[in-house]
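Raw contents of model.cif, mmCIF, N, CA and C atoms:
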```
data_final
loop_
_atom_site.label_atom_id
_atom_site.label_comp_id
_atom_site.auth_asym_id
_atom_site.auth_seq_id
_atom_site.Cartn_x
_atom_site.Cartn_y
_atom_site.Cartn_z
N MET A 46 96.65 -182.30 105.74
CA MET A 46 96.43 -183.50 106.51
C MET A 46 97.34 -184.60 105.94
N LEU A 47 97.77 -185.49 106.82
CA LEU A 47 98.72 -186.52 106.45
C LEU A 47 98.07 -187.90 106.37
N VAL A 48 98.76 -188.80 105.68
CA VAL A 48 98.29 -190.18 105.55
C VAL A 48 98.05 -190.79 106.93
N ARG A 49 98.94 -190.53 107.88
CA ARG A 49 98.78 -191.12 109.23
C ARG A 49 97.46 -190.71 109.88
N ASP A 50 96.92 -189.56 109.48
CA ASP A 50 95.66 -189.09 110.04
C ASP A 50 94.45 -189.76 109.41
N ALA A 51 94.61 -190.30 108.22
CA ALA A 51 93.49 -190.87 107.47
C ALA A 51 93.50 -192.39 107.41
N MET A 52 94.69 -192.99 107.55
CA MET A 52 94.82 -194.43 107.32
C MET A 52 94.10 -195.25 108.37
N SER A 53 93.71 -196.43 107.95
CA SER A 53 93.18 -197.43 108.87
C SER A 53 94.36 -198.20 109.43
N THR A 54 94.39 -198.36 110.73
CA THR A 54 95.47 -199.14 111.33
C THR A 54 95.08 -200.60 111.49
N VAL A 55 93.88 -200.94 111.03
CA VAL A 55 93.46 -202.34 111.00
C VAL A 55 94.02 -202.92 109.71
N VAL A 56 95.09 -203.67 109.84
CA VAL A 56 95.74 -204.25 108.67
C VAL A 56 95.51 -205.75 108.68
N LEU A 57 94.73 -206.21 107.72
CA LEU A 57 94.51 -207.65 107.57
C LEU A 57 95.68 -208.21 106.78
N THR A 58 96.38 -209.15 107.36
CA THR A 58 97.51 -209.79 106.70
C THR A 58 97.17 -211.26 106.49
N ILE A 59 97.35 -211.72 105.26
CA ILE A 59 97.10 -213.12 104.92
C ILE A 59 98.34 -213.69 104.27
N GLY A 60 98.33 -215.01 104.13
CA GLY A 60 99.44 -215.69 103.47
C GLY A 60 99.13 -215.94 102.01
N PRO A 61 100.11 -216.27 101.22
CA PRO A 61 99.93 -216.47 99.79
C PRO A 61 99.09 -217.70 99.45
N THR A 62 98.97 -218.64 100.39
CA THR A 62 98.21 -219.86 100.10
C THR A 62 96.75 -219.79 100.55
N HIS A 63 96.36 -218.67 101.13
CA HIS A 63 94.93 -218.50 101.45
C HIS A 63 94.15 -218.58 100.14
N THR A 64 92.99 -219.21 100.19
CA THR A 64 92.13 -219.20 99.01
C THR A 64 91.46 -217.83 98.92
N LEU A 65 90.94 -217.54 97.73
CA LEU A 65 90.23 -216.28 97.57
C LEU A 65 88.99 -216.22 98.44
N ARG A 66 88.34 -217.36 98.65
CA ARG A 66 87.17 -217.36 99.54
C ARG A 66 87.59 -217.04 100.97
N GLN A 67 88.69 -217.64 101.44
CA GLN A 67 89.17 -217.34 102.78
C GLN A 67 89.51 -215.85 102.90
N ALA A 68 90.18 -215.32 101.90
CA ALA A 68 90.54 -213.90 101.92
C ALA A 68 89.28 -213.03 101.94
N ALA A 69 88.30 -213.37 101.10
CA ALA A 69 87.06 -212.60 101.05
C ALA A 69 86.31 -212.67 102.38
N THR A 70 86.30 -213.83 102.99
CA THR A 70 85.62 -213.99 104.28
C THR A 70 86.28 -213.12 105.34
N LEU A 71 87.60 -213.13 105.39
CA LEU A 71 88.32 -212.31 106.37
C LEU A 71 88.13 -210.82 106.09
N MET A 72 88.19 -210.44 104.83
CA MET A 72 88.00 -209.03 104.47
C MET A 72 86.60 -208.57 104.84
N SER A 73 85.62 -209.40 104.57
CA SER A 73 84.24 -209.06 104.88
C SER A 73 84.04 -208.93 106.39
N ALA A 74 84.59 -209.87 107.15
CA ALA A 74 84.43 -209.84 108.61
C ALA A 74 85.05 -208.59 109.22
N ARG A 75 86.14 -208.13 108.63
CA ARG A 75 86.83 -206.95 109.17
C ARG A 75 86.40 -205.66 108.46
N ARG A 76 85.52 -205.81 107.47
CA ARG A 76 84.99 -204.67 106.74
C ARG A 76 86.10 -203.83 106.11
N VAL A 77 87.03 -204.53 105.42
CA VAL A 77 88.12 -203.87 104.72
C VAL A 77 88.11 -204.29 103.26
N GLY A 78 88.65 -203.46 102.41
CA GLY A 78 88.63 -203.74 100.98
C GLY A 78 89.93 -204.28 100.43
N ALA A 79 90.91 -204.51 101.32
CA ALA A 79 92.20 -205.02 100.86
C ALA A 79 92.88 -205.77 101.99
N ALA A 80 93.73 -206.71 101.58
CA ALA A 80 94.53 -207.46 102.54
C ALA A 80 95.99 -207.40 102.11
N VAL A 81 96.86 -207.26 103.08
CA VAL A 81 98.29 -207.36 102.83
C VAL A 81 98.62 -208.84 102.72
N VAL A 82 99.33 -209.20 101.66
CA VAL A 82 99.75 -210.59 101.48
C VAL A 82 101.24 -210.65 101.78
N HIS A 83 101.57 -211.37 102.84
CA HIS A 83 102.96 -211.51 103.24
C HIS A 83 103.50 -212.82 102.68
N ASP A 84 104.45 -212.69 101.77
CA ASP A 84 105.02 -213.87 101.12
C ASP A 84 106.54 -213.73 101.09
N PRO A 85 107.22 -214.20 102.14
CA PRO A 85 108.67 -214.04 102.18
C PRO A 85 109.39 -214.77 101.05
N ASP A 86 108.78 -215.82 100.50
CA ASP A 86 109.41 -216.56 99.40
C ASP A 86 109.35 -215.81 98.07
N ALA A 87 108.41 -214.89 97.94
CA ALA A 87 108.25 -214.17 96.67
C ALA A 87 108.66 -212.71 96.78
N GLY A 88 109.39 -212.37 97.79
CA GLY A 88 109.90 -211.01 97.86
C GLY A 88 109.22 -210.10 98.86
N GLY A 89 108.34 -210.62 99.69
CA GLY A 89 107.83 -209.79 100.76
C GLY A 89 106.36 -209.48 100.74
N ILE A 90 106.02 -208.21 100.51
CA ILE A 90 104.67 -207.72 100.73
C ILE A 90 103.96 -207.42 99.42
N GLY A 91 102.72 -207.90 99.33
CA GLY A 91 101.86 -207.58 98.20
C GLY A 91 100.49 -207.18 98.72
N ILE A 92 99.56 -206.92 97.80
CA ILE A 92 98.22 -206.53 98.21
C ILE A 92 97.19 -207.28 97.37
N LEU A 93 96.14 -207.72 98.03
CA LEU A 93 95.01 -208.38 97.38
C LEU A 93 93.80 -207.52 97.70
N THR A 94 93.08 -207.10 96.66
CA THR A 94 91.94 -206.22 96.87
C THR A 94 90.65 -206.91 96.49
N GLU A 95 89.56 -206.28 96.90
CA GLU A 95 88.24 -206.80 96.54
C GLU A 95 88.10 -206.87 95.02
N ARG A 96 88.70 -205.95 94.31
CA ARG A 96 88.64 -205.96 92.84
C ARG A 96 89.35 -207.19 92.28
N ASP A 97 90.47 -207.59 92.88
CA ASP A 97 91.19 -208.78 92.44
C ASP A 97 90.31 -210.02 92.58
N ILE A 98 89.61 -210.11 93.68
CA ILE A 98 88.71 -211.26 93.91
C ILE A 98 87.55 -211.22 92.94
N LEU A 99 86.97 -210.05 92.74
CA LEU A 99 85.86 -209.89 91.80
C LEU A 99 86.28 -210.27 90.38
N ASN A 100 87.46 -209.84 89.96
CA ASN A 100 87.94 -210.18 88.62
C ASN A 100 88.11 -211.68 88.45
N SER A 101 88.61 -212.34 89.47
CA SER A 101 88.79 -213.79 89.40
C SER A 101 87.44 -214.50 89.27
N VAL A 102 86.50 -214.14 90.13
CA VAL A 102 85.18 -214.77 90.09
C VAL A 102 84.49 -214.45 88.76
N GLY A 103 84.66 -213.22 88.28
CA GLY A 103 84.08 -212.83 86.99
C GLY A 103 84.62 -213.64 85.82
N LYS A 104 85.82 -214.15 85.95
CA LYS A 104 86.42 -215.01 84.91
C LYS A 104 85.99 -216.46 85.05
N GLY A 105 85.18 -216.74 86.07
CA GLY A 105 84.72 -218.11 86.28
C GLY A 105 85.66 -218.96 87.10
N GLN A 106 86.66 -218.36 87.71
CA GLN A 106 87.59 -219.12 88.54
C GLN A 106 86.93 -219.46 89.87
N ASP A 107 87.34 -220.57 90.44
CA ASP A 107 86.76 -221.07 91.68
C ASP A 107 87.45 -220.43 92.88
N PRO A 108 86.73 -219.63 93.68
CA PRO A 108 87.35 -218.97 94.83
C PRO A 108 87.79 -219.95 95.92
N ASP A 109 87.33 -221.20 95.83
CA ASP A 109 87.75 -222.20 96.81
C ASP A 109 89.08 -222.87 96.44
N THR A 110 89.52 -222.68 95.21
CA THR A 110 90.79 -223.29 94.80
C THR A 110 91.84 -222.25 94.38
N GLU A 111 91.38 -221.07 93.98
CA GLU A 111 92.33 -220.01 93.59
C GLU A 111 93.04 -219.49 94.83
N ARG A 112 94.34 -219.34 94.73
CA ARG A 112 95.18 -218.90 95.86
C ARG A 112 95.51 -217.42 95.73
N ALA A 113 95.66 -216.79 96.87
CA ALA A 113 95.94 -215.35 96.91
C ALA A 113 97.15 -214.97 96.08
N HIS A 114 98.21 -215.78 96.13
CA HIS A 114 99.44 -215.43 95.43
C HIS A 114 99.24 -215.25 93.93
N ALA A 115 98.27 -215.94 93.36
CA ALA A 115 98.02 -215.84 91.91
C ALA A 115 97.32 -214.54 91.53
N HIS A 116 96.80 -213.82 92.52
CA HIS A 116 96.03 -212.61 92.26
C HIS A 116 96.57 -211.39 93.00
N THR A 117 97.68 -211.57 93.66
CA THR A 117 98.28 -210.50 94.46
C THR A 117 99.08 -209.56 93.58
N THR A 118 98.93 -208.28 93.82
CA THR A 118 99.78 -207.28 93.18
C THR A 118 101.06 -207.21 94.00
N THR A 119 102.18 -207.49 93.34
CA THR A 119 103.46 -207.47 94.05
C THR A 119 104.29 -206.23 93.69
N ASP A 120 103.90 -205.55 92.62
CA ASP A 120 104.57 -204.30 92.22
C ASP A 120 103.82 -203.17 92.92
N VAL A 121 104.00 -203.10 94.24
CA VAL A 121 103.18 -202.24 95.09
C VAL A 121 103.83 -200.87 95.25
N VAL A 122 102.99 -199.83 95.22
CA VAL A 122 103.41 -198.50 95.60
C VAL A 122 103.06 -198.34 97.08
N PHE A 123 104.05 -198.03 97.88
CA PHE A 123 103.84 -197.87 99.32
C PHE A 123 103.79 -196.39 99.67
N ALA A 124 102.99 -196.08 100.68
CA ALA A 124 102.93 -194.71 101.20
C ALA A 124 103.67 -194.66 102.52
N ALA A 125 104.08 -193.47 102.88
CA ALA A 125 104.67 -193.23 104.19
C ALA A 125 103.66 -192.48 105.04
N PRO A 126 103.68 -192.68 106.34
CA PRO A 126 102.72 -191.98 107.20
C PRO A 126 102.80 -190.46 107.07
N ALA A 127 103.97 -189.94 106.71
CA ALA A 127 104.16 -188.49 106.62
C ALA A 127 103.77 -187.91 105.25
N TRP A 128 103.35 -188.77 104.31
CA TRP A 128 102.86 -188.23 103.04
C TRP A 128 101.64 -187.37 103.29
N THR A 129 101.45 -186.38 102.44
CA THR A 129 100.19 -185.63 102.49
C THR A 129 99.12 -186.47 101.80
N LEU A 130 97.86 -186.15 102.08
CA LEU A 130 96.78 -186.85 101.40
C LEU A 130 96.81 -186.56 99.90
N GLU A 131 97.28 -185.38 99.54
CA GLU A 131 97.43 -185.05 98.11
C GLU A 131 98.44 -185.98 97.44
N GLU A 132 99.55 -186.26 98.11
CA GLU A 132 100.54 -187.19 97.56
C GLU A 132 99.95 -188.58 97.40
N ALA A 133 99.20 -189.04 98.38
CA ALA A 133 98.58 -190.36 98.31
C ALA A 133 97.56 -190.41 97.18
N ALA A 134 96.73 -189.38 97.07
CA ALA A 134 95.72 -189.33 96.01
C ALA A 134 96.39 -189.29 94.64
N ARG A 135 97.48 -188.57 94.52
CA ARG A 135 98.21 -188.49 93.25
C ARG A 135 98.76 -189.87 92.88
N ALA A 136 99.33 -190.58 93.85
CA ALA A 136 99.88 -191.92 93.59
C ALA A 136 98.77 -192.88 93.16
N MET A 137 97.60 -192.79 93.81
CA MET A 137 96.48 -193.66 93.45
C MET A 137 95.97 -193.34 92.05
N THR A 138 95.84 -192.06 91.75
CA THR A 138 95.37 -191.65 90.42
C THR A 138 96.35 -192.09 89.35
N HIS A 139 97.61 -191.86 89.58
CA HIS A 139 98.64 -192.22 88.60
C HIS A 139 98.70 -193.74 88.39
N GLY A 140 98.56 -194.51 89.47
CA GLY A 140 98.67 -195.97 89.38
C GLY A 140 97.36 -196.67 89.05
N GLY A 141 96.23 -195.97 89.18
CA GLY A 141 94.94 -196.59 88.88
C GLY A 141 94.48 -197.58 89.93
N PHE A 142 94.79 -197.30 91.20
CA PHE A 142 94.35 -198.19 92.28
C PHE A 142 93.73 -197.37 93.39
N ARG A 143 93.08 -198.08 94.34
CA ARG A 143 92.30 -197.40 95.39
C ARG A 143 92.83 -197.61 96.80
N HIS A 144 93.90 -198.38 96.94
CA HIS A 144 94.47 -198.65 98.27
C HIS A 144 95.98 -198.50 98.22
N LEU A 145 96.54 -197.98 99.30
CA LEU A 145 97.99 -197.91 99.47
C LEU A 145 98.35 -198.52 100.82
N ILE A 146 99.31 -199.42 100.81
CA ILE A 146 99.85 -199.93 102.07
C ILE A 146 100.78 -198.85 102.62
N VAL A 147 100.63 -198.56 103.88
CA VAL A 147 101.46 -197.56 104.54
C VAL A 147 102.56 -198.29 105.31
N LEU A 148 103.79 -198.00 104.95
CA LEU A 148 104.93 -198.62 105.63
C LEU A 148 105.57 -197.63 106.59
N ASP A 149 105.89 -198.13 107.77
CA ASP A 149 106.62 -197.36 108.76
C ASP A 149 107.78 -198.23 109.22
N ASP A 150 108.99 -197.78 108.98
CA ASP A 150 110.19 -198.57 109.27
C ASP A 150 110.16 -199.93 108.57
N GLY A 151 109.65 -199.96 107.34
CA GLY A 151 109.63 -201.17 106.54
C GLY A 151 108.53 -202.16 106.87
N GLU A 152 107.69 -201.83 107.82
CA GLU A 152 106.60 -202.72 108.23
C GLU A 152 105.24 -202.08 107.94
N PRO A 153 104.25 -202.90 107.55
CA PRO A 153 102.91 -202.35 107.33
C PRO A 153 102.35 -201.73 108.62
N ALA A 154 101.99 -200.45 108.52
CA ALA A 154 101.43 -199.73 109.67
C ALA A 154 99.96 -199.41 109.47
N GLY A 155 99.51 -199.55 108.23
CA GLY A 155 98.13 -199.23 107.93
C GLY A 155 97.87 -199.32 106.44
N ILE A 156 96.63 -199.03 106.10
CA ILE A 156 96.23 -198.95 104.70
C ILE A 156 95.40 -197.67 104.57
N VAL A 157 95.65 -196.94 103.52
CA VAL A 157 94.84 -195.76 103.23
C VAL A 157 94.13 -196.01 101.91
N SER A 158 92.85 -195.71 101.90
CA SER A 158 92.04 -195.92 100.71
C SER A 158 91.50 -194.60 100.21
N VAL A 159 90.97 -194.62 99.00
CA VAL A 159 90.32 -193.44 98.45
C VAL A 159 89.22 -192.98 99.41
N ARG A 160 88.47 -193.92 99.93
CA ARG A 160 87.38 -193.58 100.86
C ARG A 160 87.92 -192.85 102.10
N ASP A 161 89.06 -193.30 102.62
CA ASP A 161 89.65 -192.63 103.78
C ASP A 161 89.99 -191.17 103.46
N ILE A 162 90.54 -190.97 102.27
CA ILE A 162 90.92 -189.61 101.86
C ILE A 162 89.68 -188.74 101.70
N ILE A 163 88.66 -189.28 101.05
CA ILE A 163 87.43 -188.52 100.85
C ILE A 163 86.82 -188.14 102.20
N ARG A 164 86.83 -189.06 103.15
CA ARG A 164 86.29 -188.76 104.49
C ARG A 164 86.98 -187.56 105.12
N CYS A 165 88.27 -187.43 104.87
CA CYS A 165 89.02 -186.31 105.44
C CYS A 165 88.75 -185.01 104.69
N TRP A 166 88.52 -185.10 103.39
CA TRP A 166 88.35 -183.91 102.57
C TRP A 166 86.92 -183.37 102.59
N VAL A 167 85.94 -184.23 102.83
CA VAL A 167 84.55 -183.81 102.77
C VAL A 167 84.02 -183.69 104.20
N PRO A 168 83.41 -182.54 104.51
CA PRO A 168 82.87 -182.38 105.87
C PRO A 168 81.83 -183.44 106.19
N THR A 169 81.68 -183.73 107.46
CA THR A 169 80.69 -184.71 107.91
C THR A 169 79.31 -184.31 107.42
N ARG A 170 78.57 -185.32 106.99
CA ARG A 170 77.21 -185.05 106.51
C ARG A 170 76.36 -184.46 107.61
N GLN A 171 75.61 -183.47 107.24
CA GLN A 171 74.69 -182.86 108.20
C GLN A 171 73.27 -183.13 107.77
N GLN A 172 72.39 -183.18 108.75
CA GLN A 172 70.97 -183.38 108.46
C GLN A 172 70.46 -182.21 107.64
N VAL A 173 69.75 -182.50 106.58
CA VAL A 173 69.12 -181.46 105.78
C VAL A 173 67.71 -181.29 106.33
N PRO A 174 67.34 -180.04 106.66
CA PRO A 174 66.00 -179.83 107.21
C PRO A 174 64.93 -180.28 106.22
N ALA A 175 63.85 -180.86 106.76
CA ALA A 175 62.76 -181.34 105.91
C ALA A 175 61.84 -180.23 105.50
#
```
Any chance you could put this one into structure tokens?
Amino acid sequence: MLVRDAMSTVVLTIGPTHTLRQAATLMSARRVGAAVVHDPDAGGIGILTERDILNSVGKGQDPDTERAHAHTTTDVVFAAPAWTLEEAARAMTHGGFRHLIVLDDGEPAGIVSVRDIIRCWVPTRQQVPA
């Protein structure tokens, strides 16, 4: 199975000046765990994850004043739609992260997460008889 078969095509894109609260609100509303941060002044595309927001709040930083750019990962590993799920899982394991931005012709086409991969690898839950 390929990344294109597992990825979410709902890509939340935010700007670098969004506050962490704004990012969290948008992520929550769309039920996604990561946002693509588009910052043409800083070299293009980065990713902000729920873990980044949690780490900031855990340090006592104010989510109403902290900006996405200060917490964005810019050294991003990108996946291609034609990667196998094994390749994506290997990249995540090696890099220690749970989301990959999927680029198609240099543009974000989706995001694949560990959860997406697990959904493809594990059969649908079936009712267990009582």
Do a neighbour search on A:Arg160 at 8 Å with only N, CA and C atoms, toss out local chain neighbours closer than 3 positions, and write the hits as a PDB file with N, CA and C atoms, in the frame of the given file.
```pdb
ATOM      1  N   ALA A  51      94.610-190.300 108.220  1.00  0.00           N
ATOM      2  CA  ALA A  51      93.490-190.870 107.470  1.00  0.00           C
ATOM      3  C   ALA A  51      93.500-192.390 107.410  1.00  0.00           C
ATOM      4  N   ARG A 143      93.080-198.080  94.340  1.00  0.00           N
ATOM      5  CA  ARG A 143      92.300-197.400  95.390  1.00  0.00           C
ATOM      6  C   ARG A 143      92.830-197.610  96.800  1.00  0.00           C
ATOM      7  N   HIS A 144      93.900-198.380  96.940  1.00  0.00           N
ATOM      8  CA  HIS A 144      94.470-198.650  98.270  1.00  0.00           C
ATOM      9  C   HIS A 144      95.980-198.500  98.220  1.00  0.00           C
ATOM     10  N   VAL A 157      95.650-196.940 103.520  1.00  0.00           N
ATOM     11  CA  VAL A 157      94.840-195.760 103.230  1.00  0.00           C
ATOM     12  C   VAL A 157      94.130-196.010 101.910  1.00  0.00           C
ATOM     13  N   ILE A 163      88.660-189.280 101.050  1.00  0.00           N
ATOM     14  CA  ILE A 163      87.430-188.520 100.850  1.00  0.00           C
ATOM     15  C   ILE A 163      86.820-188.140 102.200  1.00  0.00           C
ATOM     16  N   ARG A 164      86.830-189.060 103.150  1.00  0.00           N
ATOM     17  CA  ARG A 164      86.290-188.760 104.490  1.00  0.00           C
ATOM     18  C   ARG A 164      86.980-187.560 105.120  1.00  0.00           C
ATOM     19  N   CYS A 165      88.270-187.430 104.870  1.00  0.00           N
ATOM     20  CA  CYS A 165      89.020-186.310 105.440  1.00  0.00           C
ATOM     21  C   CYS A 165      88.750-185.010 104.690  1.00  0.00           C
ATOM     22  N   TRP A 166      88.520-185.100 103.390  1.00  0.00           N
ATOM     23  CA  TRP A 166      88.350-183.910 102.570  1.00  0.00           C
ATOM     24  C   TRP A 166      86.920-183.370 102.590  1.00  0.00           C
TER      25      TRP A 166
END
```
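Evaluated on this file, the PyMOL selection byres ((chain A and resi 118) around 5) matches A:Gly91, A:Ile92, A:His116, A:Thr117, A:Thr119, A:Asp120.
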Original post:
What are the DSSP alpha helix (DSSP H) residues of chain A, as a ChimeraX atom specification?
Top reply: /A:48-51,65-75,95-103,130-140,159-166
**OP:** Rank nothing, just name the residue among A:Leu93, A:Val167, A:Ile162, A:Leu145 nearest to A:Ala79, using all atoms listed in the file.
**Re:** A:Leu93
Taking the file as shown, what set of residues would the PyMOL selection byres ((chain A and resi 128) around 6) give back, as a tab-separated table (two decimals) with N, CA and C atoms, in the coordinates of the input?
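Just written: expr-v1.tsv:
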```
chain	number	residue	atom	x	y	z
A	46	MET	N	96.65	-182.30	105.74
A	46	MET	CA	96.43	-183.50	106.51
A	46	MET	C	97.34	-184.60	105.94
A	47	LEU	N	97.77	-185.49	106.82
A	47	LEU	CA	98.72	-186.52	106.45
A	47	LEU	C	98.07	-187.90	106.37
A	48	VAL	N	98.76	-188.80	105.68
A	48	VAL	CA	98.29	-190.18	105.55
A	48	VAL	C	98.05	-190.79	106.93
A	49	ARG	N	98.94	-190.53	107.88
A	49	ARG	CA	98.78	-191.12	109.23
A	49	ARG	C	97.46	-190.71	109.88
A	125	ALA	N	104.08	-193.47	102.88
A	125	ALA	CA	104.67	-193.23	104.19
A	125	ALA	C	103.66	-192.48	105.04
A	126	PRO	N	103.68	-192.68	106.34
A	126	PRO	CA	102.72	-191.98	107.20
A	126	PRO	C	102.80	-190.46	107.07
A	127	ALA	N	103.97	-189.94	106.71
A	127	ALA	CA	104.16	-188.49	106.62
A	127	ALA	C	103.77	-187.91	105.25
A	129	THR	N	101.45	-186.38	102.44
A	129	THR	CA	100.19	-185.63	102.49
A	129	THR	C	99.12	-186.47	101.80
A	130	LEU	N	97.86	-186.15	102.08
A	130	LEU	CA	96.78	-186.85	101.40
A	130	LEU	C	96.81	-186.56	99.90
A	132	GLU	N	99.55	-186.26	98.11
A	132	GLU	CA	100.54	-187.19	97.56
A	132	GLU	C	99.95	-188.58	97.40
A	133	ALA	N	99.20	-189.04	98.38
A	133	ALA	CA	98.58	-190.36	98.31
A	133	ALA	C	97.56	-190.41	97.18
```
Subject >> Long-range neighbours of A:His114 as a VMD selection string, 8 Å cut-off, only C-alpha atoms, 4 positions minimum in chain >> reply: chain A and resid 61 to 62 82
**OP:** May I ask which of the residues A:Val122, A:Met52, A:Val81, A:Leu65 is the closest one to A:Ser158, counting only N, CA and C atoms?
**Re:**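 Closest to A:Ser158 of all the choices is A:Met52.
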Enclosing box along x, y and z for every listed atom of stretch 85-99 of chain A, padded 3 Å each side, centre and size in Å, one decimal, as AutoDock Vina command-line options:
```
--center_x 97.9 --center_y -211.3 --center_z 96.3 --size_x 30.0 --size_y 16.6 --size_z 17.8
```
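Between atom CA of A:Leu57 and atom CA of A:Gly103 there is a distance of 23.6 Å.
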Subject >> Between atom CA of A:Ile156 and atom N of A:Ser53, distance in Å (one decimal) >> reply: 4.8 Å
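Each of A:Ile90, A:Glu111, A:Pro168, A:Ala69 was checked against A:Leu148 using only C-alpha atoms; the smallest atom-to-atom distance is that of A:Ile90.
Across the structure, atom N of A:Asp149 and atom CA of A:Gly78 are spaced 19.4 Å apart.
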**OP:** Name the residues of stretch 50-133 of chain A that come out as strand (DSSP E or B) in a backbone DSSP run; write them as JSON, numbers by chain.
**Re:** {"A": [53, 58, 59, 64, 79, 80, 81, 82, 83, 84, 89, 90, 91, 92, 93, 94, 112, 118, 123, 124, 129]}
Subject >> Counting all atoms listed in the file, the option among A:Ala124, A:Gly89, A:Thr58, A:Gly105 closest to A:Ile146 >> reply: A:Ala124
